[in-house]
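K.L.:
Structure provided below as structure tokens; questions to follow.
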Amino acid sequence: MNYFYHLTNLLFFSKITLEMEEKTSSISLTNVAASYDNGADVLTDVSFNITGGAIYFLTGASGAGKTTLLRLIYQLHKPKSGQIKLFGKITNNMSRDEITNLRKKMAIVFQEYSLLSHLSVFDNVALPLRVRNMPESKIKLLVPKVLDWVGLGKYADEKPLALSGGQQQRISVARAIIIQPSILLADEPTGNLDDDNASRLMDLFIQMNKMFGTTIILATHSRRLIETYKFPIIHIENHHVNFVTKQNGTTTDTNTKKLWKGPAPKNYFNELSKQFDDIGNI
């Protein structure tokens, strides 16, 4: 009787623990391998859990597999083997509709921008809202505010190819943040930005994380970013993933005082999110 009682308790608490892990673990990979066209593995035996609300840098040499890892998480590439779980749900055998619904909680900023050249800047940023069936009356209020925030309000009617690389990057960021995602994946988002705009963008990501618990993985080659913000690091080398939780002997800390020589930090996202809320209540 005692044995059955203890076994019941063990199963009950194991279930509670599993449910809690699923709620707090946004991204989980188990023994994942990835390749293209049945070629050699780009990633091999990748296993990790990322807790909801975390910020990580993703580092590695060019061609190491950083973009592949982001594509796996965003469900743009299927693993050769292993299991991927997002928000506690196994994704391997999900239907196309299930994956579409899952992606509504995520956003990705590609290194190559992935803007639609035949659409205006306004329509590129509005696209994820239209996919979510937001009323046009709200879209017409929200998109200009986000474009103003990234300094591109006057280019709303332009086509992306008429703008510089740095401006196109800011359009792709605007399109990503406008949906307030639970997971944000960014592939070299500051690569084409000057120090002022890079600093402003990083401040936005940090405020998103603090206000909404957005889980962020930010791929970068920039030692300056890594040394300034001191987030923990996911490092890819020789097809494997390693986690670096210390830098120069000091545990990484997302609250470390910033050393970036850009503009003084401002709570841009507080202002922007209030506008989101005001429009949402219309």
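We name chains A, B, ... following the order of the structure tokens; residues begin at 1 in each chain, and ligands are numbered from 1 as shown.
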Neighbouring residues of Ile84 (chain A) were defined as those with any atom within 8 Å, considering only C-alpha atoms; residues of the same chain fewer than 4 positions away were excluded. Please report them as a list in words.

P.N.:
Ile27, Ser28, Leu29, Thr30, Val32, Ile73, Ile90, Thr91 and Asn92 of chain A

K.L.:
Mind dumping the selected residues with N, CA and C atoms as an mmCIF file, in the first residue's frame?

P.N.:
```cif
data_model
loop_
_atom_site.group_PDB
_atom_site.id
_atom_site.type_symbol
_atom_site.label_atom_id
_atom_site.label_comp_id
_atom_site.auth_asym_id
_atom_site.auth_seq_id
_atom_site.Cartn_x
_atom_site.Cartn_y
_atom_site.Cartn_z
ATOM 1 N N ILE A 27 12.181 26.355 -26.175
ATOM 2 C CA ILE A 27 12.844 25.664 -27.277
ATOM 3 C C ILE A 27 13.607 24.468 -26.728
ATOM 4 N N SER A 28 13.363 23.294 -27.271
ATOM 5 C CA SER A 28 14.048 22.089 -26.814
ATOM 6 C C SER A 28 14.446 21.237 -28.010
ATOM 7 N N LEU A 29 15.741 20.933 -28.127
ATOM 8 C CA LEU A 29 16.251 20.048 -29.178
ATOM 9 C C LEU A 29 16.886 18.835 -28.525
ATOM 10 N N THR A 30 16.609 17.656 -29.052
ATOM 11 C CA THR A 30 17.157 16.419 -28.512
ATOM 12 C C THR A 30 17.797 15.607 -29.633
ATOM 13 N N VAL A 32 19.486 16.304 -32.256
ATOM 14 C CA VAL A 32 19.106 16.774 -33.597
ATOM 15 C C VAL A 32 20.320 16.806 -34.527
ATOM 16 N N ILE A 73 14.622 25.879 -35.789
ATOM 17 C CA ILE A 73 13.730 26.351 -34.735
ATOM 18 C C ILE A 73 12.466 26.964 -35.331
ATOM 19 N N ILE A 90 5.959 18.663 -29.603
ATOM 20 C CA ILE A 90 6.864 18.046 -30.568
ATOM 21 C C ILE A 90 6.453 18.476 -31.969
ATOM 22 N N THR A 91 7.433 18.960 -32.742
ATOM 23 C CA THR A 91 7.115 19.529 -34.055
ATOM 24 C C THR A 91 7.369 18.589 -35.228
ATOM 25 N N ASN A 92 8.065 17.492 -34.993
ATOM 26 C CA ASN A 92 8.550 16.655 -36.106
ATOM 27 C C ASN A 92 7.461 16.229 -37.081
#
```

K.L.:
Check region 108-225 of chain A with DSSP on the backbone and list each residue it calls helix (DSSP H, G or I), as a PyMOL selection string.

P.N.:
chain A and resi 121-131+136-149+153-155+160-162+165-177+195-212+223-225

K.L.:
Extract, using only C-alpha atoms, all DNA, RNA and protein residues at most 7 Å from Lys159 (chain A), discarding same-chain residues fewer than 2 positions from it, and format them as a list of chain:residue names.

P.N.:
A:Ser117, A:His118, A:Leu119, A:Ser120, A:Val121, A:Asp157, A:Leu161, A:Ala162

K.L.:
For all heavy atoms, I'd like the residues from the last selection saved as a PDB file, in the first residue's frame.

P.N.:
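The file below, part.pdb, is the result:
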```
ATOM      1  N   SER A 117       9.890  42.320 -52.784  1.00  0.00           N
ATOM      2  CA  SER A 117      10.282  43.498 -53.551  1.00  0.00           C
ATOM      3  C   SER A 117       9.117  44.162 -54.278  1.00  0.00           C
ATOM      4  O   SER A 117       9.167  45.357 -54.575  1.00  0.00           O
ATOM      5  CB  SER A 117      11.375  43.132 -54.558  1.00  0.00           C
ATOM      6  OG  SER A 117      10.911  42.135 -55.456  1.00  0.00           O
ATOM      7  N   HIS A 118       8.061  43.397 -54.564  1.00  0.00           N
ATOM      8  CA  HIS A 118       6.932  43.982 -55.297  1.00  0.00           C
ATOM      9  C   HIS A 118       5.956  44.709 -54.375  1.00  0.00           C
ATOM     10  O   HIS A 118       5.036  45.383 -54.847  1.00  0.00           O
ATOM     11  CB  HIS A 118       6.192  42.900 -56.085  1.00  0.00           C
ATOM     12  CG  HIS A 118       5.528  41.870 -55.217  1.00  0.00           C
ATOM     13  ND1 HIS A 118       6.238  40.896 -54.546  1.00  0.00           N
ATOM     14  CD2 HIS A 118       4.211  41.676 -54.904  1.00  0.00           C
ATOM     15  CE1 HIS A 118       5.394  40.131 -53.869  1.00  0.00           C
ATOM     16  NE2 HIS A 118       4.169  40.589 -54.062  1.00  0.00           N
ATOM     17  N   LEU A 119       6.163  44.570 -53.046  1.00  0.00           N
ATOM     18  CA  LEU A 119       5.296  45.254 -52.093  1.00  0.00           C
ATOM     19  C   LEU A 119       5.980  46.499 -51.557  1.00  0.00           C
ATOM     20  O   LEU A 119       7.206  46.574 -51.487  1.00  0.00           O
ATOM     21  CB  LEU A 119       4.956  44.332 -50.918  1.00  0.00           C
ATOM     22  CG  LEU A 119       4.132  43.080 -51.218  1.00  0.00           C
ATOM     23  CD1 LEU A 119       3.887  42.302 -49.937  1.00  0.00           C
ATOM     24  CD2 LEU A 119       2.807  43.437 -51.888  1.00  0.00           C
ATOM     25  N   SER A 120       5.192  47.467 -51.130  1.00  0.00           N
ATOM     26  CA  SER A 120       5.742  48.673 -50.513  1.00  0.00           C
ATOM     27  C   SER A 120       6.306  48.339 -49.135  1.00  0.00           C
ATOM     28  O   SER A 120       6.050  47.259 -48.568  1.00  0.00           O
ATOM     29  CB  SER A 120       4.657  49.735 -50.365  1.00  0.00           C
ATOM     30  OG  SER A 120       3.683  49.310 -49.421  1.00  0.00           O
ATOM     31  N   VAL A 121       7.062  49.274 -48.593  1.00  0.00           N
ATOM     32  CA  VAL A 121       7.575  49.120 -47.230  1.00  0.00           C
ATOM     33  C   VAL A 121       6.414  48.913 -46.262  1.00  0.00           C
ATOM     34  O   VAL A 121       6.453  48.031 -45.396  1.00  0.00           O
ATOM     35  CB  VAL A 121       8.407  50.359 -46.830  1.00  0.00           C
ATOM     36  CG1 VAL A 121       8.706  50.359 -45.328  1.00  0.00           C
ATOM     37  CG2 VAL A 121       9.704  50.409 -47.637  1.00  0.00           C
ATOM     38  N   ASP A 157       5.745  54.297 -48.643  1.00  0.00           N
ATOM     39  CA  ASP A 157       5.233  53.970 -49.978  1.00  0.00           C
ATOM     40  C   ASP A 157       6.326  53.511 -50.945  1.00  0.00           C
ATOM     41  O   ASP A 157       6.033  53.152 -52.096  1.00  0.00           O
ATOM     42  CB  ASP A 157       4.520  55.188 -50.572  1.00  0.00           C
ATOM     43  CG  ASP A 157       3.271  55.562 -49.779  1.00  0.00           C
ATOM     44  OD1 ASP A 157       2.618  54.641 -49.246  1.00  0.00           O
ATOM     45  OD2 ASP A 157       2.965  56.762 -49.693  1.00  0.00           O
ATOM     46  N   LEU A 161      13.732  47.758 -52.568  1.00  0.00           N
ATOM     47  CA  LEU A 161      14.973  47.832 -53.339  1.00  0.00           C
ATOM     48  C   LEU A 161      15.421  49.266 -53.601  1.00  0.00           C
ATOM     49  O   LEU A 161      16.554  49.491 -54.023  1.00  0.00           O
ATOM     50  CB  LEU A 161      14.813  47.081 -54.663  1.00  0.00           C
ATOM     51  CG  LEU A 161      14.630  45.558 -54.536  1.00  0.00           C
ATOM     52  CD1 LEU A 161      14.487  44.929 -55.919  1.00  0.00           C
ATOM     53  CD2 LEU A 161      15.796  44.922 -53.786  1.00  0.00           C
ATOM     54  N   ALA A 162      14.540  50.231 -53.321  1.00  0.00           N
ATOM     55  CA  ALA A 162      14.920  51.636 -53.468  1.00  0.00           C
ATOM     56  C   ALA A 162      15.689  52.142 -52.252  1.00  0.00           C
ATOM     57  O   ALA A 162      16.215  53.253 -52.268  1.00  0.00           O
ATOM     58  CB  ALA A 162      13.668  52.497 -53.682  1.00  0.00           C
TER      59      ALA A 162
END
```

K.L.:
Counting only C-alpha atoms, what is within 12 Å of Leu116 (chain A), bar same-chain residues fewer than 5 positions away, as a PyMOL selection string?

P.N.:
chain A and resi 121-127+158-161+168+171-172+175

K.L.:
Pro144 (chain A): which residues within 8 Å, counting only C-alpha atoms, same-chain residues fewer than 3 positions away excluded, as a PyMOL selection string?

P.N.:
chain A and resi 122+140-141+147-148+153+156

K.L.:
Let's have the selection written as a compact mmCIF listing (two decimals), in the first residue's frame, with N, CA, C and O atoms.

P.N.:
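Here's the written file out24.txt:
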```txt
# COMPACT_ATOMS: atom_id res chain seq x y z
N PHE A 122 5.37 49.72 -46.41
CA PHE A 122 4.18 49.59 -45.54
C PHE A 122 3.62 48.17 -45.61
O PHE A 122 3.37 47.54 -44.58
N LYS A 140 -3.58 50.27 -40.27
CA LYS A 140 -3.24 51.61 -40.75
C LYS A 140 -2.76 52.53 -39.63
O LYS A 140 -2.07 53.52 -39.89
N LEU A 141 -3.12 52.21 -38.40
CA LEU A 141 -2.63 52.99 -37.26
C LEU A 141 -1.30 52.47 -36.74
O LEU A 141 -0.41 53.26 -36.39
N LEU A 147 7.05 52.05 -38.17
CA LEU A 147 7.98 52.59 -39.16
C LEU A 147 8.62 53.88 -38.67
O LEU A 147 9.82 54.12 -38.89
N ASP A 148 7.85 54.72 -37.98
CA ASP A 148 8.43 55.93 -37.40
C ASP A 148 9.50 55.57 -36.38
O ASP A 148 10.55 56.21 -36.30
N GLY A 153 9.48 56.16 -41.46
CA GLY A 153 8.10 56.56 -41.70
C GLY A 153 7.87 57.20 -43.05
O GLY A 153 6.86 56.94 -43.71
N ALA A 156 7.28 54.82 -46.34
CA ALA A 156 6.21 53.81 -46.30
C ALA A 156 5.76 53.37 -47.68
O ALA A 156 5.43 52.19 -47.89
```

K.L.:
Between A:Lys80, A:Thr59, A:Leu193, A:Met208, single out the one closest to Gly39 (chain A), counting only C-alpha atoms.

P.N.:
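Closest to Gly39 (chain A), using only C-alpha atoms: A:Lys80.
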
K.L.:
Could you pull the residues within 10 Å of Gly151 (chain A), counting only C-alpha atoms, minus those fewer than 5 positions along the same chain, as a count of residues only?

P.N.:
6

K.L.:
Which of these, A:Ile55, A:Ala176, A:Ala64, A:Leu204, has the shortest distance to Asp41 (chain A) once you count only C-alpha atoms?

P.N.:
A:Ala64
